[in-house]
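A.B. asks: Please see the structure below; I have some questions.
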Amino acid sequence: MSRKLRDSALRLLKKAADEIDKERYKKAFESLDKVEKIEEEVKDPEISYHLLFFKGFAKYRIDELEESLILFGKALEISWELFSKEPKKEEYQSFIGDTIGSIGDILSKLEDPDKAKEYIYPMEEIFEKAVLGFEKLLESDPENKEYLEEFLETIEYIGLCFEAGELIEEASPLFYKRFDIIEKLLKGETEVSEHLSSLDDSLMNFGRICEEKGCLEEAKHIYNRAIEIYGKVLDKDPESSETKVYLSYAYRYLADMYSDQENLVKAEECYKEALSLLESEIEEEPENIPVSENIDISENMPVSKNIPFSMALADMYKDSGLIFSDTEETAKARDYYTKARDTFRGLMDKYPEILGTDKNLARSLDELAELFSEIGEFKSAEICYKDTLQIYENLLQKEPENPEYSLKLSDVYRELGDLFVEEEEIEKARAYYEKEIEIYENLHPTEDDKLMLEANKADTWNQIGRLYAEEEPETAVQYHERALPVFQEAFESNPESEFFHEGLLETLTSLGLLFKNNREFEKAIHAYERVLEVQKQLLKLMPPEICHDTNHSHDQNHSHDLDHDHDLNHKHGLDHDHDLDHDHDLDHDHALDMETIYFELAMLHSELEDEEKASVYHRQALERFDQIIAEQVEDPALLILTSGKAFFLGMSLLEKLESEKKDSSIARKYYELALRTIEKLYESCPMNLGLQKMLASFAEQIGDIYRDADKLEETIQEYEYAYKSLKILYENDPENPVHLHHMLGALNNLGIGYSVTDQPEKGKECFEKALALNESLKKSDPEDLDLLKSNFLLFSNYANLLEELGDSETAKEYRKKAEEIDAKLTEEDPEWASSIEDL
């Protein structure tokens, strides 16, 4: 009876497997329920294992991942019991490997390392037992190919589990075991290609985890061991193209490691090793090989061996250039990128019938164009973009009804437009943007896609509008007003769409800025009030940070960087000028948050002389800042960003009001809010000297404004604060001359301030401290022209004070020093304008 029941259970299991494969999950579970009833009667561990495995697999296929893990965990326990009793049985070896592999796949799909750890820890003992079980099995037959293959696969799967949980210490030893097994397999005639491919996947993933965790040395050891293994494979088969590719990848991973450690010499050495391996595979008369997965073409036909290897080589040249792109050696980046471009173009010339329709080549060229653009090589970027256009045009010609290629063309036209914006060739940029719009207008979208297409057109109209914002503001307004109703409709249909609500906000703020600059204040107010309405609506729908996030991005097709970087490291000069822009207008890209819009509305109402409304909006802006700071109390980075924004607004307002001789108390509230926030942050993080640097910079810049407004008491107060902060910086980093320069500037300004407020002794004390600092600075670089300019002002101001104090002899000595410096500067610096007579 039990034999018949067992056979019935096996038939039902096969049926369930077929149903799962055909995605008929309800029927699959019905079959499995029947198996469960049989299993309760026959108590067969193999039936129990298969039942749990297929239930777990079905749950996995319908994305019930945690339920699936529970079932596979139970299946693992049974598979271990079976394997431990009969380790030589091939079926049981597969049971344990397949189950661990399935667990690894699910843990990876979870994309949650912490959750993965929760499931791994209870299973870890069985993982260890499985490894020991295979090692014991191999003791009886060390060269058994089947045992080695199963052991290798099981180790790979356990490693996958550990990688999903980012358990580096547990994963590392398994890599070395895999290397040892592969070496054993190499001694025979075994084909190891599949294992090398799996090893490469693991190396790439393991390296990413190591980089995130800061375990670079561990990854480096693993990569070097892999290089050794690949080398042994090549010793056995020097013509193995596949192994050369894997070896080149290992060198690339190692190069990335060295690059992360800023060891660019070693990084370049590794890339050169990788490049030489790929270059060696390019042949004069290559054979044809089956189409590579790297080549994305519609024809199913063999291609020249040179195509995939040249593609890989070009990508490697590109990666080699990347390590230098953010350094002073951009010429090296350009040379490598140029080699990549020449390799791609050479392929297009030699194999036009294939590569004229290769989507992967188009993607690579597009990426290369962006890299050229980033290092300022705009002509080379243009060439790559135009080659990309050629490929997509060929693809579209073959499949004219395929909207993918039309949209890809529109993306490239957008990128070319953006490129010419960088080159300040406005009409060329506009021409490409118009081509982008033309493509949109020739598409025939479904009803569901129509609004998104219209929104993309509106986004491009906004882009064209920005081209004309300065030179032809009326033209700019026309384009933004064309975009406005589209984004309004899109926002109303789906306000949670990031593309739609940011497009609407950007259109409104662009119009607001244009109206403000044209002194159409009522129109500007209307635009900004609409921005507030949208932001308030978003606050009800989405997390609070959406309305004060400074990193806005757009839809999948276009992305515009709306970050606004404030210079909080104000370079403090010793003359009576500073670098603040007297125009209080805020950068357009900065005006997408509520607090800034409140501020902007306050400024506009001030222009209309409605100070009562202006005061209301300033109060709302400050309340909004307080709210954001309270929300960000656990996030220092965001606190710093928000404080910097409040300071920037307060500083721009303070400068405007002081220059107009108006009450500036409201401006100080912004400044004091920023100062108070950074002070509290510094109290909790006293080792973060960057915060102290911000405090010094805040005070210096505000001091400059008060100095220019002849508000001496306020000037002294700010420079005293700045000097105190700079002194802390200097005491923590006495070798840094920048702090000395800033301290010298603060003391000089304090000396002047005390001198003209009838506190000459305090003034003299400040000048003497400055002179002492000056001696320290002279030792580091006596020929520094900036230091000479500082000395000129310091000696001149000190001489004036000494004269007032009746010490004419010493005053004469310092005035003579100032005259000598003036003569030297006149000779060596053509831009030096002597002001010695005024002083």
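We label chains A, B, ... in the order they appear in the structure tokens, count residues from 1 in each chain, and number ligands from 1 in the order shown.
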What's around His480 of chain A at 7 Å? Count only C-alpha atoms, leave out sequence neighbours fewer than 2 positions away in its own chain, and write the answer as an NGL selection string.
C.D. replies: :A and (461-462 or 465 or 476-478 or 482-484 or 507 or 511)
A.B. asks: If we count only C-alpha atoms and set the cut-off at 8 Å, which residues sit around Ile229 of chain A, ignoring sequence neighbours fewer than 3 positions away in its own chain? Please answer as an mmCIF file with N, CA and C atoms, in the first residue's frame.
C.D. replies:
```
data_model
loop_
_atom_site.group_PDB
_atom_site.id
_atom_site.type_symbol
_atom_site.label_atom_id
_atom_site.label_comp_id
_atom_site.auth_asym_id
_atom_site.auth_seq_id
_atom_site.Cartn_x
_atom_site.Cartn_y
_atom_site.Cartn_z
ATOM 1 N N PHE A 179 38.523 27.954 -4.593
ATOM 2 C CA PHE A 179 39.773 27.968 -5.359
ATOM 3 C C PHE A 179 40.469 26.601 -5.282
ATOM 4 N N ILE A 182 38.618 24.075 -7.472
ATOM 5 C CA ILE A 182 38.854 24.333 -8.901
ATOM 6 C C ILE A 182 40.246 23.859 -9.295
ATOM 7 N N GLU A 183 41.230 24.108 -8.421
ATOM 8 C CA GLU A 183 42.590 23.636 -8.714
ATOM 9 C C GLU A 183 42.618 22.121 -8.849
ATOM 10 N N ARG A 225 44.056 35.769 -5.501
ATOM 11 C CA ARG A 225 43.954 34.304 -5.560
ATOM 12 C C ARG A 225 43.208 33.883 -6.825
ATOM 13 N N ALA A 226 42.168 34.624 -7.190
ATOM 14 C CA ALA A 226 41.438 34.325 -8.422
ATOM 15 C C ALA A 226 42.349 34.492 -9.635
ATOM 16 N N LYS A 232 46.526 29.597 -13.902
ATOM 17 C CA LYS A 232 46.759 28.150 -14.022
ATOM 18 C C LYS A 232 45.906 27.546 -15.132
ATOM 19 N N VAL A 233 44.685 28.043 -15.280
ATOM 20 C CA VAL A 233 43.842 27.569 -16.376
ATOM 21 C C VAL A 233 44.493 27.914 -17.717
#
```
A.B. asks: Separation of atom CA of Glu281 of chain A and atom CA of Glu242 of chain A, in Å?
C.D. replies: 10.1 Å
A.B. asks: Where in segment 213-355 of chain A does DSSP assign alpha helix (DSSP H), given as a ChimeraX atom specification?
C.D. replies: /A:213,216-236,241-260,264-279,306-322,330-350,352-355
A.B. asks: Between atom CA of Glu269 of chain A and atom CA of Asp201 of chain A, what is the distance, to one decimal in Å?
C.D. replies: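 Answer for the atom CA of Glu269 of chain A to atom CA of Asp201 of chain A separation: 22.9 Å.
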A.B. asks: What's around Leu608 of chain A at 12 Å? Count only C-alpha atoms, leave out sequence neighbours fewer than 3 positions away in its own chain, and write the answer as an MDAnalysis selection string.
C.D. replies: chainID A and resid 516 519:522 524:525 601:605 611:614
A.B. asks: How many Å lie between atom CA of Ala667 of chain A and atom CA of Glu607 of chain A, rounded to one decimal?
C.D. replies: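 These two atoms are separated by 15.8 Å.
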A.B. asks: Could you build a table of the residues in segment 37-143 of chain A lying no more than 9 Å from segment 9-12 of chain A, giving for each the nearest pair of atoms and their separation in Å rounded to one decimal place, using only C-alpha atoms, ordered by chain and ascending residue number, as a tab-separated table?
C.D. replies:
```
residue	atom	partner	partner_atom	distance
A:Ile38	CA	A:Ala9	CA	6.6
A:Glu39	CA	A:Ala9	CA	7.7
A:Ile47	CA	A:Ala9	CA	7.2
A:His50	CA	A:Leu10	CA	8.8
```
A.B. asks: Could you save those same residues with all heavy atoms as an mmCIF file, in the first residue's frame?
C.D. replies:
```
data_model
loop_
_atom_site.group_PDB
_atom_site.id
_atom_site.type_symbol
_atom_site.label_atom_id
_atom_site.label_comp_id
_atom_site.auth_asym_id
_atom_site.auth_seq_id
_atom_site.Cartn_x
_atom_site.Cartn_y
_atom_site.Cartn_z
ATOM 1 N N ILE A 38 -0.809 12.307 1.726
ATOM 2 C CA ILE A 38 -0.117 11.031 1.541
ATOM 3 C C ILE A 38 1.116 10.963 2.438
ATOM 4 O O ILE A 38 1.396 9.936 3.079
ATOM 5 C CB ILE A 38 0.276 10.837 0.062
ATOM 6 C CG1 ILE A 38 -0.980 10.752 -0.807
ATOM 7 C CG2 ILE A 38 1.143 9.590 -0.112
ATOM 8 C CD1 ILE A 38 -0.700 10.756 -2.299
ATOM 9 N N GLU A 39 1.851 12.094 2.498
ATOM 10 C CA GLU A 39 3.090 12.144 3.298
ATOM 11 C C GLU A 39 2.815 11.859 4.771
ATOM 12 O O GLU A 39 3.607 11.201 5.455
ATOM 13 C CB GLU A 39 3.753 13.513 3.120
ATOM 14 C CG GLU A 39 5.137 13.644 3.726
ATOM 15 C CD GLU A 39 5.071 14.053 5.187
ATOM 16 O OE1 GLU A 39 4.052 14.663 5.582
ATOM 17 O OE2 GLU A 39 6.030 13.740 5.916
ATOM 18 N N ILE A 47 9.732 12.113 0.214
ATOM 19 C CA ILE A 47 8.471 12.783 -0.144
ATOM 20 C C ILE A 47 8.335 14.086 0.638
ATOM 21 O O ILE A 47 7.932 15.120 0.100
ATOM 22 C CB ILE A 47 7.269 11.852 0.140
ATOM 23 C CG1 ILE A 47 7.358 10.575 -0.687
ATOM 24 C CG2 ILE A 47 5.962 12.582 -0.130
ATOM 25 C CD1 ILE A 47 7.263 10.794 -2.171
ATOM 26 N N HIS A 50 10.624 16.708 -0.989
ATOM 27 C CA HIS A 50 10.091 17.236 -2.251
ATOM 28 C C HIS A 50 8.872 18.116 -2.017
ATOM 29 O O HIS A 50 8.699 19.145 -2.683
ATOM 30 C CB HIS A 50 9.719 16.082 -3.179
ATOM 31 C CG HIS A 50 10.901 15.371 -3.767
ATOM 32 N ND1 HIS A 50 11.878 16.007 -4.475
ATOM 33 C CD2 HIS A 50 11.254 14.046 -3.739
ATOM 34 C CE1 HIS A 50 12.790 15.143 -4.875
ATOM 35 N NE2 HIS A 50 12.436 13.932 -4.432
#
```
A.B. asks: Looking at A:Asn732, A:Asn456, A:Ser510, A:Asn442, which one is nearest to Tyr479 of chain A, with distances taken over only C-alpha atoms?
C.D. replies: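 Closest to Tyr479 of chain A of all the choices is A:Ser510.
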A.B. asks: Compile the contact shell of Pro113 of chain A as a list in words: residues with an atom at most 9 Å away, counting only C-alpha atoms, same-chain residues fewer than 4 positions apart removed.
C.D. replies: Leu107, Ser108, Lys117, Glu118, Glu163, Ala164, Gly165, Glu166 and Leu167 of chain A
A.B. asks: Tell me which protein, DNA and RNA residues are within 9 Å of Glu436 of chain A, counting only C-alpha atoms, leaving out same-chain ones fewer than 2 positions away, and put them as a ChimeraX atom specification.
C.D. replies: /A:407,409-414,431-434,438-441,457,460
A.B. asks: I need the residues from that last selection saved to file as a PDB file, in the first residue's frame (with C-alpha atoms), if you can.
C.D. replies:
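So result08.pdb came out as:
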```pdb
ATOM      1  CA  LEU A 407      12.445  57.525 -27.640  1.00  0.00           C
ATOM      2  CA  LEU A 409      16.694  59.104 -30.408  1.00  0.00           C
ATOM      3  CA  SER A 410      14.841  61.762 -28.420  1.00  0.00           C
ATOM      4  CA  ASP A 411      17.111  61.070 -25.442  1.00  0.00           C
ATOM      5  CA  VAL A 412      20.237  61.533 -27.562  1.00  0.00           C
ATOM      6  CA  TYR A 413      18.892  64.773 -29.046  1.00  0.00           C
ATOM      7  CA  ARG A 414      18.279  65.980 -25.485  1.00  0.00           C
ATOM      8  CA  ALA A 431      17.858  73.038 -32.645  1.00  0.00           C
ATOM      9  CA  TYR A 432      18.499  69.695 -30.925  1.00  0.00           C
ATOM     10  CA  TYR A 433      15.765  70.307 -28.368  1.00  0.00           C
ATOM     11  CA  GLU A 434      13.366  71.054 -31.227  1.00  0.00           C
ATOM     12  CA  GLU A 438       9.577  66.693 -33.230  1.00  0.00           C
ATOM     13  CA  ILE A 439      10.060  63.030 -32.341  1.00  0.00           C
ATOM     14  CA  TYR A 440       7.465  63.274 -29.575  1.00  0.00           C
ATOM     15  CA  GLU A 441       4.997  64.848 -31.987  1.00  0.00           C
ATOM     16  CA  LYS A 457       7.471  67.839 -24.449  1.00  0.00           C
ATOM     17  CA  THR A 460      11.823  70.241 -23.169  1.00  0.00           C
TER      18      THR A 460
END
```
A.B. asks: Please list as a CSV table (one decimal) with N, CA and C atoms, in the first residue's frame every residue within 9 Å of Glu279 of chain A, counting only C-alpha atoms and excluding residues in the same chain fewer than 5 positions away.
C.D. replies:
```
chain,number,residue,atom,x,y,z
A,274,ALA,N,44.8,43.9,-17.8
A,274,ALA,CA,43.5,43.5,-18.3
A,274,ALA,C,43.4,43.9,-19.8
A,309,PHE,N,35.1,40.9,-28.4
A,309,PHE,CA,36.4,41.2,-27.8
A,309,PHE,C,36.7,42.7,-27.9
A,310,SER,N,36.4,43.3,-29.1
A,310,SER,CA,36.6,44.7,-29.2
A,310,SER,C,35.7,45.5,-28.4
A,313,LEU,N,37.0,45.3,-25.0
A,313,LEU,CA,38.3,46.1,-24.9
A,313,LEU,C,37.9,47.6,-24.8
```
A.B. asks: Between A:Glu658, A:Glu191, A:Glu19, A:Glu447, which residue has the minimum interatomic distance to Glu149 of chain A, considering only C-alpha atoms?
C.D. replies: A:Glu191
